[in-house]
file work25.cif (mmCIF, C-alpha atoms and all ligand atoms)
data_model
loop_
_atom_site.label_atom_id
_atom_site.label_comp_id
_atom_site.auth_asym_id
_atom_site.auth_seq_id
_atom_site.Cartn_x
_atom_site.Cartn_y
_atom_site.Cartn_z
CA MET A 1 175.06 94.18 300.24
CA SER A 2 172.23 93.07 302.43
CA THR A 3 170.20 90.05 301.55
CA LEU A 4 166.44 89.76 301.69
CA PRO A 5 165.56 88.00 304.97
CA HIS A 6 162.37 86.05 305.41
CA ASP A 7 160.88 87.69 308.46
CA THR A 8 157.87 89.38 306.92
CA ASP A 9 154.58 87.93 305.87
CA ILE A 10 155.25 88.68 302.22
CA PRO A 11 155.91 85.57 300.15
CA TYR A 12 159.32 85.25 298.64
CA HIS A 13 160.72 82.60 296.38
CA SER A 14 164.48 82.99 296.53
CA GLU A 15 164.89 79.38 297.63
CA ASP A 16 163.21 78.21 294.47
CA PRO A 17 164.46 74.66 293.82
CA HIS A 18 163.74 74.99 290.11
CA ARG A 19 166.43 77.50 289.27
CA ALA A 20 167.22 77.92 285.64
CA ALA A 21 169.94 76.19 283.78
CA ILE A 22 172.44 78.50 282.15
CA PRO A 23 171.98 78.11 278.42
CA ARG A 24 175.62 77.40 277.68
CA ASP A 25 177.05 79.03 274.67
CA ASP A 26 178.47 76.70 272.08
CA ALA A 27 180.15 79.53 270.25
CA ASP A 28 183.63 80.60 271.33
CA PRO A 29 183.08 83.90 273.15
CA SER A 30 186.61 85.02 272.47
CA ALA A 31 185.79 85.01 268.78
CA THR A 32 183.37 87.89 269.27
CA GLY A 33 184.95 89.63 272.22
CA ILE A 34 181.76 89.06 274.23
CA PRO A 35 182.54 87.74 277.70
CA ASP A 36 181.19 84.39 278.79
CA HIS A 37 179.14 85.68 281.72
CA GLY A 38 179.30 82.38 283.57
CA GLU A 39 182.93 82.98 284.43
CA ASP A 40 183.34 86.72 284.02
CA LEU A 41 181.29 89.07 286.15
CA ARG A 42 183.93 91.80 286.18
CA GLY A 43 185.31 90.71 289.51
CA THR A 44 182.08 91.65 291.23
CA GLY A 45 182.06 88.66 293.53
CA ILE A 46 178.71 87.72 292.01
CA PRO A 47 178.47 83.94 291.73
CA PRO A 48 177.78 82.52 288.27
CA ARG A 49 174.48 80.75 287.90
CA SER A 50 174.63 77.02 288.35
CA ALA A 51 173.30 74.69 285.71
CA ASP A 52 170.23 72.89 286.94
CA SER A 53 166.78 72.33 285.57
CA ALA A 54 165.18 75.36 283.99
CA GLU A 55 161.76 76.60 285.07
CA VAL A 56 160.29 78.78 282.37
CA LEU A 57 158.67 81.89 283.90
CA VAL A 58 157.69 83.61 280.66
CA SER A 59 157.12 82.11 277.25
CA VAL A 60 156.24 84.07 274.16
CA VAL A 61 155.27 81.76 271.32
CA ASP A 62 154.88 82.83 267.69
CA ALA A 63 153.42 86.11 268.93
CA THR A 64 152.26 89.08 266.90
CA ALA A 65 151.50 92.44 268.53
CA ALA A 66 149.41 95.15 266.93
CA VAL A 67 149.21 98.58 268.56
CA GLY A 68 146.93 101.31 267.24
CA GLY A 69 145.92 99.06 264.36
CA ARG A 70 149.51 98.53 263.17
CA THR A 71 151.59 95.37 263.50
CA VAL A 72 154.61 96.21 265.66
CA TRP A 73 156.29 92.80 265.51
CA SER A 74 155.23 89.35 264.44
CA HIS A 75 156.27 85.73 264.93
CA VAL A 76 158.29 86.49 268.03
CA ASP A 77 159.43 83.65 270.26
CA ALA A 78 161.18 84.25 273.57
CA THR A 79 161.54 82.59 276.94
CA VAL A 80 162.71 83.76 280.34
CA SER A 81 163.71 81.12 282.86
CA ALA A 82 164.03 81.43 286.62
CA GLY A 83 167.08 83.45 287.60
CA GLU A 84 167.93 84.55 284.07
CA PHE A 85 169.04 88.03 283.06
CA VAL A 86 167.62 88.78 279.61
CA ALA A 87 167.94 91.99 277.57
CA VAL A 88 165.49 93.14 274.93
CA LEU A 89 167.45 95.09 272.32
CA GLY A 90 166.77 96.85 269.03
CA PRO A 91 166.36 100.30 267.50
CA ASN A 92 163.86 102.97 268.54
CA GLY A 93 160.26 102.09 267.85
CA VAL A 94 160.89 98.42 267.08
CA GLY A 95 158.58 97.31 269.89
CA LYS A 96 160.77 96.58 272.92
CA SER A 97 158.38 98.20 275.41
CA THR A 98 155.51 96.50 273.62
CA LEU A 99 157.15 93.12 274.26
CA LEU A 100 157.37 93.83 278.01
CA LYS A 101 153.75 94.99 278.03
CA ALA A 102 152.72 91.84 276.14
CA MET A 103 154.44 89.75 278.83
CA LEU A 104 152.29 91.57 281.41
CA GLY A 105 149.12 91.23 279.36
CA LEU A 106 148.91 95.02 278.97
CA VAL A 107 149.03 94.69 275.18
CA PRO A 108 146.78 92.00 273.73
CA LEU A 109 148.31 89.80 271.05
CA ALA A 110 146.96 89.68 267.53
CA SER A 111 148.10 86.06 267.37
CA GLY A 112 150.32 83.62 269.25
CA ALA A 113 150.52 83.20 273.00
CA VAL A 114 152.19 84.49 276.14
CA ARG A 115 152.37 82.46 279.34
CA LEU A 116 153.48 84.15 282.53
CA LEU A 117 154.30 82.06 285.59
CA GLY A 118 152.29 79.17 284.29
CA GLY A 119 149.14 81.05 283.31
CA PRO A 120 147.80 83.74 281.04
CA PRO A 121 149.51 87.12 281.46
CA GLY A 122 147.76 89.44 283.87
CA ARG A 123 146.77 86.83 286.39
CA ALA A 124 150.20 86.55 288.05
CA ASN A 125 151.23 90.20 287.86
CA ARG A 126 151.56 90.50 291.64
CA ALA A 127 154.54 88.19 291.32
CA VAL A 128 156.14 90.52 288.78
CA GLY A 129 157.96 93.77 289.49
CA TYR A 130 157.66 96.30 286.66
CA VAL A 131 159.38 99.64 286.18
CA PRO A 132 157.90 101.36 283.12
CA GLN A 133 159.88 103.52 280.74
CA ARG A 134 160.97 107.07 281.58
CA ARG A 135 159.32 107.28 284.94
CA SER A 136 160.84 110.22 286.64
CA PHE A 137 159.57 112.70 289.18
CA ASP A 138 159.24 116.42 288.81
CA ALA A 139 161.38 118.52 291.15
CA SER A 140 158.20 119.68 292.92
CA VAL A 141 157.25 116.15 294.07
CA ARG A 142 157.66 116.15 297.85
CA VAL A 143 156.97 112.45 298.51
CA ARG A 144 159.96 110.86 300.22
CA GLY A 145 161.91 108.09 298.53
CA LEU A 146 160.95 105.81 301.41
CA ASP A 147 157.25 106.38 300.71
CA VAL A 148 157.73 105.64 297.02
CA VAL A 149 159.27 102.29 297.96
CA ARG A 150 156.45 101.64 300.45
CA LEU A 151 153.89 102.14 297.65
CA GLY A 152 155.29 98.95 296.12
CA LEU A 153 154.03 97.08 299.17
CA ASP A 154 150.60 98.56 299.73
CA GLY A 155 150.04 101.25 297.10
CA ASP A 156 147.02 99.38 295.78
CA ARG A 157 145.45 99.12 299.23
CA TRP A 158 142.54 101.31 300.26
CA GLY A 159 140.78 101.74 303.56
CA LEU A 160 142.01 101.45 307.14
CA PRO A 161 145.76 101.70 307.75
CA LEU A 162 147.64 98.49 308.44
CA PRO A 163 147.64 97.43 312.10
CA GLY A 164 150.83 98.28 314.01
CA LYS A 165 152.56 94.91 313.68
CA ARG A 166 152.04 94.69 309.93
CA SER A 167 152.95 98.32 309.48
CA ARG A 168 156.23 97.76 311.35
CA ALA A 169 156.95 94.73 309.17
CA ALA A 170 156.24 96.83 306.08
CA TRP A 171 158.65 99.58 307.17
CA ARG A 172 161.26 96.95 308.02
CA ARG A 173 160.88 95.62 304.49
CA VAL A 174 161.18 99.14 303.06
CA ARG A 175 164.44 99.66 304.97
CA GLU A 176 165.80 96.34 303.68
CA LEU A 177 164.99 97.36 300.13
CA VAL A 178 166.56 100.78 300.54
CA GLU A 179 169.72 99.10 301.84
CA LEU A 180 169.65 96.58 299.02
CA VAL A 181 169.67 99.24 296.34
CA GLY A 182 172.20 101.41 298.18
CA ALA A 183 169.78 104.31 298.71
CA ALA A 184 169.99 104.66 302.50
CA GLY A 185 171.82 107.98 302.24
CA TYR A 186 169.00 109.78 300.42
CA ALA A 187 165.77 107.75 300.70
CA HIS A 188 164.37 110.13 303.33
CA ARG A 189 164.58 113.06 300.90
CA PRO A 190 161.77 114.16 298.54
CA ILE A 191 162.10 112.01 295.43
CA GLY A 192 161.70 115.01 293.13
CA GLN A 193 164.97 116.39 294.47
CA LEU A 194 166.97 113.25 293.71
CA SER A 195 169.08 112.56 290.62
CA GLY A 196 167.88 110.26 287.85
CA GLY A 197 170.13 107.43 289.08
CA GLU A 198 168.92 107.82 292.67
CA GLN A 199 165.29 107.83 291.52
CA GLN A 200 165.94 104.75 289.41
CA ARG A 201 167.35 102.83 292.39
CA LEU A 202 164.27 103.68 294.47
CA LEU A 203 161.93 102.63 291.66
CA ILE A 204 163.76 99.30 291.41
CA ALA A 205 163.38 98.94 295.20
CA GLN A 206 159.65 99.65 294.83
CA ALA A 207 159.35 96.98 292.12
CA LEU A 208 161.08 94.47 294.42
CA ALA A 209 158.82 95.19 297.38
CA ARG A 210 156.61 92.13 297.01
CA ARG A 211 159.54 89.82 296.41
CA PRO A 212 158.75 89.19 292.76
CA ARG A 213 160.09 86.21 290.89
CA LEU A 214 160.40 88.31 287.76
CA LEU A 215 161.51 91.91 287.30
CA LEU A 216 160.68 93.79 284.09
CA LEU A 217 162.67 97.01 283.65
CA ASP A 218 162.00 99.29 280.69
CA GLU A 219 165.16 101.27 279.93
CA PRO A 220 166.30 101.73 283.53
CA LEU A 221 169.66 103.09 282.30
CA ASP A 222 168.08 105.69 280.06
CA SER A 223 169.34 109.23 280.68
CA LEU A 224 171.88 108.14 283.31
CA ASP A 225 175.52 109.17 282.96
CA LEU A 226 178.08 106.43 282.36
CA PRO A 227 179.14 105.89 286.00
CA ASN A 228 175.47 105.67 287.04
CA GLN A 229 174.71 103.31 284.16
CA ALA A 230 177.51 101.04 285.38
CA ALA A 231 176.35 101.27 289.00
CA VAL A 232 172.67 100.58 288.26
CA ALA A 233 173.64 97.76 285.85
CA ALA A 234 175.75 96.18 288.60
CA LEU A 235 172.86 96.54 291.04
CA ILE A 236 170.47 94.81 288.64
CA GLY A 237 173.05 92.09 287.99
CA ARG A 238 173.32 91.46 291.74
CA ILE A 239 169.55 91.39 292.21
CA CYS A 240 169.27 88.83 289.44
CA ARG A 241 172.20 86.66 290.46
CA VAL A 242 172.24 86.92 294.25
CA GLU A 243 168.54 87.48 294.95
CA ARG A 244 167.62 85.14 292.08
CA VAL A 245 165.01 87.42 290.58
CA ALA A 246 164.73 86.74 286.85
CA THR A 247 165.16 90.05 285.08
CA VAL A 248 164.15 91.34 281.67
CA ILE A 249 165.64 94.69 280.79
CA VAL A 250 164.97 96.89 277.76
CA ALA A 251 168.17 98.64 276.74
CA HIS A 252 169.51 100.76 273.92
CA ASP A 253 173.14 100.11 274.75
CA VAL A 254 174.00 96.56 275.69
CA ASN A 255 177.48 97.45 276.95
CA PRO A 256 176.73 98.40 280.56
CA ILE A 257 174.88 95.11 281.12
CA LEU A 258 176.81 92.85 278.76
CA SER A 259 178.84 91.01 281.37
CA TYR A 260 175.75 90.19 283.46
CA LEU A 261 173.49 88.93 280.68
CA ASP A 262 172.45 85.35 280.07
CA ARG A 263 170.43 85.96 276.94
CA VAL A 264 169.27 88.68 274.60
CA VAL A 265 166.16 89.08 272.47
CA TYR A 266 167.00 91.27 269.50
CA LEU A 267 163.95 92.75 267.80
CA GLY A 268 163.92 93.92 264.24
CA ARG A 269 162.21 93.75 260.89
CA GLY A 270 159.02 92.30 262.22
CA GLY A 271 160.64 89.42 264.08
CA ALA A 272 163.22 88.56 266.70
CA VAL A 273 166.35 86.53 267.29
CA SER A 274 167.21 85.32 270.76
CA GLY A 275 170.12 83.48 272.31
CA THR A 276 173.24 84.26 274.26
CA PRO A 277 174.88 87.63 273.54
CA ALA A 278 177.72 85.82 271.76
CA GLN A 279 175.26 84.06 269.48
CA VAL A 280 173.06 87.03 268.67
CA ILE A 281 175.22 90.16 268.67
CA THR A 282 177.21 89.24 265.60
CA SER A 283 177.49 90.78 262.15
CA ASP A 284 175.95 87.71 260.51
CA THR A 285 172.96 87.41 262.86
CA LEU A 286 172.06 91.09 262.84
CA THR A 287 172.55 91.34 259.08
CA GLY A 288 170.08 88.46 258.73
CA LEU A 289 167.65 90.05 261.17
CA TYR A 290 167.63 93.46 259.50
CA GLY A 291 168.12 92.37 255.90
CA THR A 292 170.81 95.02 255.49
CA PRO A 293 174.57 94.89 256.19
CA VAL A 294 175.20 95.34 259.91
CA GLU A 295 178.67 95.15 261.41
CA VAL A 296 179.44 94.36 265.05
CA LEU A 297 182.80 95.73 266.13
CA SER A 298 184.53 94.94 269.41
CA THR A 299 186.66 97.67 270.96
CA SER A 300 189.87 96.98 272.87
CA ASP A 301 188.05 97.51 276.18
CA GLY A 302 185.43 94.91 275.27
CA ARG A 303 182.61 97.24 274.24
CA LEU A 304 180.45 96.32 271.28
CA VAL A 305 179.61 98.81 268.57
CA VAL A 306 176.80 97.95 266.17
CA VAL A 307 177.20 99.75 262.87
CA GLY A 308 174.50 99.91 260.21
CA GLN A 309 171.52 98.89 262.33
CA PRO A 310 168.54 100.62 260.75
CA GLU A 311 167.15 103.31 263.04
CA ALA A 312 163.62 103.29 261.69
CA PRO A 313 162.46 99.69 261.48
CA ALA A 314 160.51 98.49 258.50
CA HIS A 315 157.42 96.59 259.55
CA HIS A 316 156.92 93.34 257.75
CA GLY A 317 154.69 90.45 258.45
CA ASP A 318 157.22 87.88 257.30
CA ARG A 319 159.06 85.59 259.63
CA HIS A 320 162.68 86.46 259.92
CA GLY A 321 165.60 85.20 261.95
CA GLY A 322 165.89 82.05 264.03
CA ALA A 323 164.15 82.85 267.24
CA ALA A 324 165.32 80.59 270.02
N1 LIG B 1 149.49 103.63 272.40
C1 LIG B 1 150.00 103.55 271.17
N2 LIG B 1 149.24 103.84 270.09
C2 LIG B 1 149.75 103.75 268.84
N3 LIG B 1 151.01 103.34 268.57
C3 LIG B 1 151.79 103.05 269.60
C4 LIG B 1 151.36 103.13 270.96
N4 LIG B 1 152.36 102.75 271.77
C5 LIG B 1 153.39 102.46 270.96
N5 LIG B 1 153.07 102.63 269.68
C6 LIG B 1 153.92 102.40 268.52
O1 LIG B 1 154.35 101.06 268.57
C7 LIG B 1 155.70 100.97 268.12
C8 LIG B 1 156.54 100.28 269.17
O2 LIG B 1 156.60 101.11 270.32
P1 LIG B 1 157.53 100.68 271.56
O3 LIG B 1 157.41 101.77 272.55
O4 LIG B 1 157.19 99.30 271.96
O5 LIG B 1 158.97 100.68 270.87
P2 LIG B 1 160.40 100.67 271.57
O6 LIG B 1 161.26 99.73 270.79
O7 LIG B 1 160.27 100.38 273.02
O8 LIG B 1 160.84 102.18 271.31
P3 LIG B 1 161.93 103.11 272.06
O9 LIG B 1 163.25 102.42 271.94
O10 LIG B 1 161.89 104.37 271.26
O11 LIG B 1 161.48 103.29 273.46
C9 LIG B 1 156.16 102.39 267.82
O12 LIG B 1 156.08 102.59 266.44
C10 LIG B 1 155.17 103.25 268.57
O13 LIG B 1 154.98 104.47 267.88
#

call {"tool": "encode", "arguments": {"input": "work25.cif", "output": "structure tokens", "more": "lines below"}}
Ligand SMILES: Nc1ncnc2c1ncn2[C@@H]1O[C@H](COP(=O)(O)OP(=O)(O)OP(=O)(O)O)[C@@H](O)[C@H]1O
result
Amino acid sequence: MSTLPHDTDIPYHSEDPHRAAIPRDDADPSATGIPDHGEDLRGTGIPPRSADSAEVLVSVVDATAAVGGRTVWSHVDATVSAGEFVAVLGPNGVGKSTLLKAMLGLVPLASGAVRLLGGPPGRANRAVGYVPQRRSFDASVRVRGLDVVRLGLDGDRWGLPLPGKRSRAAWRRVRELVELVGAAGYAHRPIGQLSGGEQQRLLIAQALARRPRLLLLDEPLDSLDLPNQAAVAALIGRICRVERVATVIVAHDVNPILSYLDRVVYLGRGGAVSGTPAQVITSDTLTGLYGTPVEVLSTSDGRLVVVGQPEAPAHHGDRHGGAA
């Protein structure tokens, strides 16, 4: 895989000296069947994160979100540190997308606070790459994949075209990104004619265009087949670990990303529990979160199956679960 060189005029922070510490898991991972990601990255060659001082990029503190006049979740605490890979999990409609939007300042909080890269959300959004949910292109869309990636660099720019030197640097950056996500074989084709997995890779490349410190991905594995889920999950794991872009991913199924994750935020019943996968994805923790018996089973190939998780969340205002 290619790395992101530093020969353009676009700021990049991969040499950040304040990389996050890995929140080490006190629980025995073998007890739950959940791999300890620090040592096990499925033989990908991806280095485990080293433990040094953590810089918090996002903090959500005792937050309550109300959308359309209804409380979606309340008393949620969550943090994302530099270089971390964090999953937001929970049943349909529990408010996972709302949490990402709250981090971006797109959904105002009813109470509590969000800080993004040291300030109020919204101000630092140029340093954040965001791929919203279910963004796909109709077959009739003729824009090339390359141009979709380029929009991540200058899509918000109006007026005269970039001068030649800056334009060449921008196209060089686009080519790097296309290589990074493994899309070189099809990026010149109209994006509407590409598969869901191919489109997803190009959208991730677009979100990385400005060398963000934080990547927010809303269900990037949605509607992909299993091999594509595994491939895109591995790509995101590499971006997080090798390129050191902290990543928050909304997912329905934790299994494709399980071995790459540092932490999860599990939403349910008005609140949230966060911690390492081994701490959170357990029968006891999820039973406490949902207030109904939930069983976490581990299959022989290491997949987790959550049984009994309520599909339609009840919305309560009470605090529930030990948010970390
Ligand atoms: N613009 C809106 N107006 C009113 N209600 C909304 C709006 N957007 C979301 N909601 C409601 O807020 C709740 C949380 O939605 P959200 O999309 O955050 O959930 P989610 O966990 O991401 O769901 P899914 O897993 O189905 O994508 C849902 O009940 C949804 O119907």

call {"tool": "residues_around", "arguments": {"input": "work25.cif", "residues": "range 201-208 of chain A", "least_positions_apart": "2", "cutoff": "9 Å", "atoms": "only C-alpha atoms", "output": "PyMOL selection string"}}
result
chain A and resi 128-131+135+145-146+148-153+174+177-178+180-183+187+191+196-199+210-212+215-217+220+232+235-236+245

call {"tool": "atom_distance", "arguments": {"input": "work25.cif", "atom1": "CA of Val58 in chain A", "atom2": "atom C7 of ligand LIG 1 (chain B)"}}
result
21.5 Å

call {"tool": "residues_around", "arguments": {"input": "work25.cif", "residues": "Pro121 in chain A", "least_positions_apart": "4", "cutoff": "10 Å", "atoms": "all atoms listed in the file", "output": "list in words"}}
result
Val58, Lys101, Ala102, Met103, Leu104, Gly105, Leu106, Val107, Pro108, Ala113, Val114, Arg115, Leu116, Leu117 and Asn125 of chain A

call {"tool": "atom_distance", "arguments": {"input": "work25.cif", "atom1": "CA of Ala230 in chain A", "atom2": "CA of Leu261 in chain A"}}
result
13.6 Å

call {"tool": "residues_near_ligand", "arguments": {"input": "work25.cif", "ligand": "ligand LIG 1 (chain B)", "cutoff": "8 Å", "atoms": "all atoms listed in the file", "output": "list in words"}}
result
Ala66, Val67, Gly68, Gly69, Arg70, Val72, Leu89, Gly90, Pro91, Asn92, Gly93, Val94, Gly95, Lys96, Ser97, Thr98, Leu99, Gln133, Asp218, Glu219, Val250, Ala251 and His252 of chain A

call {"tool": "atom_distance", "arguments": {"input": "work25.cif", "atom1": "CA of Ser140 in chain A", "atom2": "CA of Arg175 in chain A"}}
result
24.2 Å

call {"tool": "closest_residue", "arguments": {"input": "work25.cif", "among": "A:Gly164, A:Gly83, A:Gly112, A:Gly118", "to": "Tyr260 in chain A", "atoms": "all atoms listed in the file"}}
result
A:Gly83

call {"tool": "closest_residue", "arguments": {"input": "work25.cif", "among": "A:Gln200, A:Ser195, A:Gly271, A:Asn255", "to": "Thr71 in chain A", "atoms": "only C-alpha atoms"}}
result
A:Gly271

call {"tool": "closest_residue", "arguments": {"input": "work25.cif", "among": "A:Ala209, A:Val254, A:Arg263, A:Gly192", "to": "Glu176 in chain A", "atoms": "all atoms listed in the file"}}
result
A:Ala209

call {"tool": "axis_aligned_box", "arguments": {"input": "work25.cif", "around": "range 168-177 of chain A", "padding_each_side": "5 Å", "output": "JSON"}}
result
{"center_x": 161.0, "center_y": 97.2, "center_z": 305.7, "size_x": 19.6, "size_y": 14.9, "size_z": 21.2}
